[in-house]
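K.L.:
Structure incoming, see below.
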Amino acid sequence: MTGRSASRPYTPGADHVLAVWTLIVLTIGSLGIAVLLGLYQLHQRELDQDKAEIQRLGRFLATVISSHPAWPQNAAAIGPEVATLGNTVELGLSVVSADGRLVAGAGIAGGRPFSIPVDAPEIALSSTNGIGVAERPDADGVLRTHVAVPIRKTGALTGYVVAIRKSPPFFRPERGGRPFLVYLTGAGTLIVLVAVRATRRVTRHADGLIAEIEAASARQQASEAGMAEAQRLARIGSWEWDVSTDTVSWSNEHFRLFGLEPGTVTPSLDVYLQHVDPDDRAKAKATLNLSRRSGGPFVYHQQIVRADGVVRTLYSRGEAVCGADGTPVRLRGTVQDVTEQRAAAEALRQSEHRFHLAALASSEALCEWNIETGALWLNESFTALFGHSVAHPSVEFWKNLIHANDVERVDRSLQQVFASTGSLWSEEYRLRRADGTYAWVFDRGFIERDATNRPLRMIASLMDITHRKEAERLKSDFVSFVSHQLRTPLAGMNWMLELAAECERLPPDAHEYISNAREAAARLVSLVNDLLDIARLEAGRIVMTPEPVRLADATRSVLTELESLIAEKGLQVSVDADHAPAVLADPQLVRQVVMNLISNAIKYNNPGGRLDIRIAAQNDALEWSVRDTGMGIPRAAQSRLFEKFFRADNAVAQEVEGTGLGLHLVRLIIEQAGGRVWCESEPGAGALFAFTLPATQQRVH
Amino acid sequence: MTERGRVLLIEDDKFLRRACEASLRQRGFEVTSAVDGEEGLRLALTPPVAHVVLLDLLMPKLTGIEVLRALKSDAMTATIPVVILSNSSREEDKRLAVELGAAGYYVKSNLSLKDLAAQVARLVAHA
């Protein structure tokens with residue numbers, strides 16, 4: 001029946017559908033395989049990267065452990081930290097010592113508490129090149145990746161971290177077999193590779209970021225520590241004021257500069273201003289507010305009162321930081337303690353100012369000589385005094401002005417003082433003025449030396465002493481005038497009176513008058529002698545020729561000479577001079593001192609009194625003293641006793657003859673010889689006169 | 001009074017010269033006087049030579065120091081003791097005189113005629 005065939009018509013559509021379905025199934029199947037293969041490839045890559053990741057984390061953990069203070073001496077103490085670390089990175093962790101002992105372990109692996117693999121030490125020790133990777137089944141038979149990383153401390157191997165990756169592989173192919181479908185699934189592979197490349201790039205990028213962050217964090221830590229140290233050393237504090245939130249932050253040193261422990265107060269503008277000295281407070285506030293409004297930088301000094309009450313000077317500088325709209329959002333700045341610098345600068349400024357005024361006001365010429373370069377600086381008085389005006393004078397210029405007869409002496413004494421350690425030099429010499437005449441100058445210099453004692457420069461003042469020299473010359477002329485013109489007639493009087501006294505045919509009265517005249521003449525002679533001695537001593541014209549002198553000998557010689565006077569007054573004399581060493585002095589002058597003091601002790605003594613002389617060693621000196629039992633010296637007179645022409649009232653009242661020159665002469669001689677002279681007296685109970693002279697070990701000639 | 005020795009006195013001051021002459025003659029010395037250095041030196045070099053020369057320092061024509069040098073450099077007079085009678089108590093003057101060979105140095109106003117005569121007598125005795 002054709003009808004059946006008609007009723008079962010050929011339906012090419014059914015074939016088509018089958019073909020379509022077959023194609024669909026095939027396509028889906030191959031796509032599925034491709035996806036599976038891709039996932040497998042992806043997973044393999046993931047596994048590799050996971051290993052790398054574990055290794056990287058392992059290295060990080062190894063670094064953390066190696067920097068732990070307890071590692072490796074007290075390895076057990078790091079247990080809790082290892083646990084925390086393991087939980088944080090979601091790795092199972094074992095820590096193995098260098099000699100293969102398991103010292104700690106913790107963490108989570110695969111979402112379950114991790115049990116330490118018993119073979120962790122073995123994995124660690126079998127690792128090559130310090131890093132080992134092994135796949136071992138765990139207690140549940142699951143294959144896990146173990147990564148061993150060495151822990152190095154200052155280069156030495158101190159142990160291992162064995163890390164176990166967190167999850168078991170979700171797919172694992174047969175060993176040795178490679179799915180053949182790989183050839184059919186190129187597209188899938190391609191997709192996978194692209195995905196892997198992308199992942200890798202992301203990972204690499206992440207790695208770079210991590211390294212960068214780590215490095216930056218290390219840099220920042222180092223720089224923060226360095227900054228804090230630098231601030232402490234420089235005594236500089238820093239601060240920042242967020243204007244919008246009105247919050248202020250201070251560096252630790254900022255706190256300390258204000259006498260505060262870091263963090264003990266909450267910094268604010270008010271806290272700062274409270275510490276500023278009231279005189280500077282308005283200025284500080286105005287300066288900061290101006291910068292806050294204008295956005296400009298600022299610099300100012302202020303005095304602060306620290307928390308402990310100490311007043312310091314701080315130097316502030318800073319700037320405003322502006323936001324996008326150009327208005328200041330923050331102020332930041334530094335404060336520096338400049339108390340000492342300010343004080344030193346102020347002192348220096350004042351001293352320079354003072355020196356400038358002094359140099360202007362000084363009638364003395366001032367000179368600074370740079371000994372190394374030979375350059376001189378001269379003040380205006382130098383020009384005013386000597387007429388020279390030179391732009392850049394040198395030491396040669398100065399030496400050329402010195403009189404030919406003086407230059408050698410000046411040069412020699414300069415060389416001497418430079419070769420010594422002395423810092424003071426002085427010399428008198430003639431200096432040529434611009435008009436060719438010579439001025440006498442007294443040049444006094446102070447020498448500055450370096451640590452090795454080398455002279456660097458000399459500051460000197462030159463005083464024009466021409467007038468003084470002239471006066472000295474006149475005085476010296478007067479001295480020779482007095483010695484010749486007064487002594488000649490004096491000698492004539494003396495000798496004539498002596499001849500007259502020898503005349504036998506004179507009436508008795510005349511003899512007495514002549515005797516009186518001779519006494520007066522003798523006083524005149526001693527007055528002239530004393531005046532001449534004093535004039536010469538004061539002018540420094542008596543040349544001391546020190547030699548060892550025994551004071552006891554000088555004393556006995558004087559006593560012998562004054563024998564008749566002592567006998568006349570009926571005085572008892574004692575000399576206590578045992579074992580006294582010699583003194584270094586001019587014998588003539590020392591004898592004069594002893595003479596003057598003993599004569600006084602006789603002259604002012606009561607008849608029948610005592611005269612006790614004592615010579616005793618006192619450290620490096622010899623003390624000579626004479627005590628009388630006379631009228632004594634009024635207290636008011638004691639301090640003036642050694643002045644020229646001074647005589648005590650009671651001495652004058654008692655008509656004891658004297659010129660007021662003897663004790664002055666004594667003082668001049670003793671002081672020039674480096675000694676000291678004084679008197680002690682109770683009025684009415686006698687007086688003691690004493691002097692010291694430097695002792696010497698040299699023998700008396 | 002016997003002659004005890006010849007003294008040459010060189011002194012420009014009239015009163016001093018007279019006093020000195022009188023004192024020494026009273027004590028038996030033969031005294032010749034000169035009023036300045038030049039005359040003094042001439043007399044000193046004219047025999048018979050003096051036993052002792054008394055010499056002032058500050059004088060017209062020739063100073064005492066110049067006379068002293070001349071006396072000490074002449075063989076005839078070099079050994080005659082010369083006593084300086086000066087007005088100066090300066091150490092330097094005394095030292096110079098002694099260096100040039102003076103036998104004594106006195107400041108006139110500090111010296112008595114008696115002591116001078118005694119010194120002259122001593123020097124004559126040693127001569």
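If you're wondering about the labels, chains in the structure tokens are A, B, ... by order shown, residues count from 1 in each chain, ligands from 1 in order shown.
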Within 7 Å of chain B, which residues of chain A show up when using only C-alpha atoms, listed as a PyMOL selection string?

P.N.:
chain A and resi 483-484+487-488+490-492+495-496+499+525

K.L.:
Set the distance at 8 Å and use only C-alpha atoms: which residues neighbour range 270-275 of chain A once local chain neighbours fewer than 6 positions away are removed? I'd like the list as a ChimeraX atom specification.

P.N.:
/A:258,281,284-285,304-307

K.L.:
How far is it from CA of Asp93 in chain B to CA of Leu41 in chain B, in Å with one decimal?

P.N.:
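Interatomic distance here is 20.2 Å.
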
K.L.:
In Å, rounded to a single decimal, give me how far CA of Glu81 in chain A is from CA of Leu125 in chain A.

P.N.:
23.0 Å

K.L.:
Per DSSP on the backbone, filter chain B down to the residues in alpha helix (DSSP H) and report them as a ChimeraX atom specification.

P.N.:
/B:14-26,37-44,64-73,91-99,113-126

K.L.:
Name the closest residue to Asp443 in chain A among the candidates A:Trp239, A:Tyr160, A:Tyr604, A:Tyr429; distances are taken between atoms, counting only C-alpha atoms.

P.N.:
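Of the candidates, the smallest distance to Asp443 in chain A is held by A:Tyr429.
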
K.L.:
May I ask for the distance between CA of Arg152 in chain A and CA of Ile65 in chain A, given in Å to one decimal place?

P.N.:
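Those two atoms sit 9.1 Å apart.
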
K.L.:
Hey, what's within 12 Å of Leu9 in chain B if we count only C-alpha atoms and toss same-chain stuff fewer than 2 positions away? As an mmCIF file with N, CA and C atoms, in the first residue's frame, please?

P.N.:
data_model
loop_
_atom_site.group_PDB
_atom_site.id
_atom_site.type_symbol
_atom_site.label_atom_id
_atom_site.label_comp_id
_atom_site.auth_asym_id
_atom_site.auth_seq_id
_atom_site.Cartn_x
_atom_site.Cartn_y
_atom_site.Cartn_z
ATOM 1 N N ARG B 6 153.033 111.268 99.098
ATOM 2 C CA ARG B 6 152.588 112.312 98.177
ATOM 3 C C ARG B 6 151.199 111.959 97.641
ATOM 4 N N VAL B 7 150.296 112.952 97.767
ATOM 5 C CA VAL B 7 148.925 112.741 97.277
ATOM 6 C C VAL B 7 148.641 113.764 96.187
ATOM 7 N N GLU B 11 140.408 117.860 91.663
ATOM 8 C CA GLU B 11 139.039 118.195 92.077
ATOM 9 C C GLU B 11 138.741 119.620 91.631
ATOM 10 N N ASP B 12 137.610 119.781 90.918
ATOM 11 C CA ASP B 12 137.334 121.116 90.374
ATOM 12 C C ASP B 12 136.640 122.032 91.393
ATOM 13 N N ASP B 13 136.033 121.491 92.440
ATOM 14 C CA ASP B 13 135.322 122.345 93.391
ATOM 15 C C ASP B 13 136.295 122.921 94.431
ATOM 16 N N LYS B 14 136.258 124.259 94.515
ATOM 17 C CA LYS B 14 137.207 124.990 95.352
ATOM 18 C C LYS B 14 137.122 124.575 96.820
ATOM 19 N N LEU B 16 135.840 121.900 98.258
ATOM 20 C CA LEU B 16 136.220 120.504 98.502
ATOM 21 C C LEU B 16 137.740 120.358 98.459
ATOM 22 N N ARG B 17 138.317 121.071 97.447
ATOM 23 C CA ARG B 17 139.763 120.992 97.307
ATOM 24 C C ARG B 17 140.446 121.522 98.571
ATOM 25 N N ARG B 18 139.957 122.646 99.051
ATOM 26 C CA ARG B 18 140.580 123.268 100.226
ATOM 27 C C ARG B 18 140.428 122.398 101.456
ATOM 28 N N ALA B 19 139.237 121.879 101.638
ATOM 29 C CA ALA B 19 138.991 121.038 102.819
ATOM 30 C C ALA B 19 139.878 119.802 102.788
ATOM 31 N N CYS B 20 139.957 119.197 101.620
ATOM 32 C CA CYS B 20 140.735 117.980 101.445
ATOM 33 C C CYS B 20 142.225 118.234 101.699
ATOM 34 N N GLU B 21 142.696 119.318 101.034
ATOM 35 C CA GLU B 21 144.109 119.672 101.229
ATOM 36 C C GLU B 21 144.410 119.871 102.699
ATOM 37 N N ALA B 22 143.561 120.653 103.344
ATOM 38 C CA ALA B 22 143.793 120.972 104.763
ATOM 39 C C ALA B 22 143.831 119.716 105.609
ATOM 40 N N LEU B 24 144.346 116.541 104.758
ATOM 41 C CA LEU B 24 145.452 115.619 104.488
ATOM 42 C C LEU B 24 146.786 116.197 104.972
ATOM 43 N N ARG B 25 146.959 117.512 104.760
ATOM 44 C CA ARG B 25 148.208 118.130 105.209
ATOM 45 C C ARG B 25 148.317 118.047 106.724
ATOM 46 N N PHE B 29 150.432 114.482 105.025
ATOM 47 C CA PHE B 29 150.646 114.127 103.629
ATOM 48 C C PHE B 29 151.091 115.354 102.840
ATOM 49 N N GLU B 30 151.878 115.078 101.771
ATOM 50 C CA GLU B 30 152.237 116.159 100.862
ATOM 51 C C GLU B 30 151.190 116.173 99.761
ATOM 52 N N VAL B 31 150.455 117.284 99.624
ATOM 53 C CA VAL B 31 149.328 117.310 98.690
ATOM 54 C C VAL B 31 149.590 118.266 97.532
ATOM 55 N N THR B 32 149.415 117.748 96.294
ATOM 56 C CA THR B 32 149.438 118.588 95.106
ATOM 57 C C THR B 32 148.017 118.588 94.550
ATOM 58 N N SER B 33 147.516 119.764 94.126
ATOM 59 C CA SER B 33 146.127 119.829 93.649
ATOM 60 C C SER B 33 146.056 120.275 92.210
ATOM 61 N N ALA B 34 145.069 119.753 91.498
ATOM 62 C CA ALA B 34 144.778 120.184 90.132
ATOM 63 C C ALA B 34 143.302 120.536 90.066
ATOM 64 N N VAL B 35 142.928 121.552 89.226
ATOM 65 C CA VAL B 35 141.547 122.051 89.212
ATOM 66 C C VAL B 35 140.721 121.436 88.084
ATOM 67 N N ASP B 36 141.344 120.683 87.200
ATOM 68 C CA ASP B 36 140.563 119.988 86.167
ATOM 69 C C ASP B 36 141.316 118.733 85.727
ATOM 70 N N GLY B 37 140.727 117.973 84.879
ATOM 71 C CA GLY B 37 141.293 116.704 84.450
ATOM 72 C C GLY B 37 142.597 116.832 83.692
ATOM 73 N N GLU B 39 144.845 119.317 83.781
ATOM 74 C CA GLU B 39 145.942 119.685 84.669
ATOM 75 C C GLU B 39 146.333 118.491 85.528
ATOM 76 N N GLY B 40 145.329 117.783 85.976
ATOM 77 C CA GLY B 40 145.554 116.615 86.828
ATOM 78 C C GLY B 40 146.421 115.573 86.131
ATOM 79 N N LEU B 41 146.078 115.301 84.876
ATOM 80 C CA LEU B 41 146.828 114.291 84.136
ATOM 81 C C LEU B 41 148.277 114.755 83.927
ATOM 82 N N LEU B 43 150.014 116.813 85.824
ATOM 83 C CA LEU B 43 150.740 116.726 87.095
ATOM 84 C C LEU B 43 151.059 115.270 87.442
ATOM 85 N N ALA B 44 150.126 114.409 87.125
ATOM 86 C CA ALA B 44 150.320 112.986 87.447
ATOM 87 C C ALA B 44 151.514 112.406 86.688
ATOM 88 N N ALA B 50 152.983 110.710 92.309
ATOM 89 C CA ALA B 50 152.270 110.650 93.587
ATOM 90 C C ALA B 50 152.171 109.203 94.071
ATOM 91 N N HIS B 51 152.032 109.032 95.384
ATOM 92 C CA HIS B 51 151.776 107.692 95.938
ATOM 93 C C HIS B 51 150.304 107.300 95.782
ATOM 94 N N VAL B 52 149.460 108.330 95.873
ATOM 95 C CA VAL B 52 148.013 108.081 95.736
ATOM 96 C C VAL B 52 147.415 109.239 94.941
ATOM 97 N N VAL B 53 146.471 108.911 94.034
ATOM 98 C CA VAL B 53 145.738 109.957 93.309
ATOM 99 C C VAL B 53 144.285 109.943 93.784
ATOM 100 N N LEU B 54 143.791 111.160 94.184
ATOM 101 C CA LEU B 54 142.356 111.303 94.511
ATOM 102 C C LEU B 54 141.715 112.010 93.321
ATOM 103 N N LEU B 55 140.677 111.356 92.735
ATOM 104 C CA LEU B 55 140.184 111.828 91.433
ATOM 105 C C LEU B 55 138.671 112.032 91.429
ATOM 106 N N ASP B 56 138.274 113.264 91.122
ATOM 107 C CA ASP B 56 136.843 113.569 90.942
ATOM 108 C C ASP B 56 136.413 113.019 89.570
ATOM 109 N N LEU B 57 135.122 112.783 89.364
ATOM 110 C CA LEU B 57 134.694 112.240 88.069
ATOM 111 C C LEU B 57 134.232 113.328 87.113
ATOM 112 N N GLY B 64 137.031 112.459 84.919
ATOM 113 C CA GLY B 64 137.792 111.570 85.781
ATOM 114 C C GLY B 64 138.055 110.218 85.124
ATOM 115 N N VAL B 82 144.452 104.763 92.507
ATOM 116 C CA VAL B 82 143.583 105.919 92.240
ATOM 117 C C VAL B 82 142.274 105.739 93.018
ATOM 118 N N VAL B 83 141.968 106.726 93.866
ATOM 119 C CA VAL B 83 140.699 106.680 94.615
ATOM 120 C C VAL B 83 139.739 107.665 93.968
ATOM 121 N N ILE B 84 138.563 107.150 93.582
ATOM 122 C CA ILE B 84 137.569 108.013 92.935
ATOM 123 C C ILE B 84 136.723 108.679 94.010
ATOM 124 N N LEU B 85 136.631 110.026 93.914
ATOM 125 C CA LEU B 85 135.729 110.781 94.794
ATOM 126 C C LEU B 85 134.618 111.329 93.898
ATOM 127 N N VAL B 120 143.688 106.750 102.555
ATOM 128 C CA VAL B 120 144.912 107.190 101.872
ATOM 129 C C VAL B 120 146.129 106.596 102.589
#

K.L.:
Can you pull out every residue within 9 Å of range 685-694 of chain A, counting only C-alpha atoms, but drop anything in the same chain fewer than 3 positions away, and send it as number ranges by chain?

P.N.:
A: 582-585, 597, 601, 604-605, 618, 620-633, 667, 670-671, 673-682

K.L.:
When DSSP is applied to the backbone of this structure, which of range 295-330 of chain A are assigned strand (DSSP E or B)? Write them out as a PyMOL selection string.

P.N.:
chain A and resi 298-305+311-322+328-330

K.L.:
Got a sec: who's within 12 Å of Ala320 in chain A, counting only C-alpha atoms, leaving out chain neighbours fewer than 2 positions off, as a VMD selection string?

P.N.:
chain A and resid 239 to 243 287 to 299 317 to 318 322 to 323 326 to 333

K.L.:
Do a neighbour search on range 400-403 of chain A at 8 Å with only C-alpha atoms, toss out local chain neighbours closer than 5 positions, and write the hits as a PDB file with C-alpha atoms, in the first residue's frame.

P.N.:
ATOM      1  CA  TYR A 429     110.847 100.678  71.068  1.00  0.00           C
ATOM      2  CA  ARG A 430     111.014 103.659  68.757  1.00  0.00           C
ATOM      3  CA  LEU A 431     108.596 103.712  65.830  1.00  0.00           C
ATOM      4  CA  ARG A 432     109.040 106.018  62.848  1.00  0.00           C
ATOM      5  CA  ARG A 433     106.165 108.418  62.262  1.00  0.00           C
ATOM      6  CA  TYR A 438     110.380 108.740  66.060  1.00  0.00           C
TER       7      TYR A 438
END
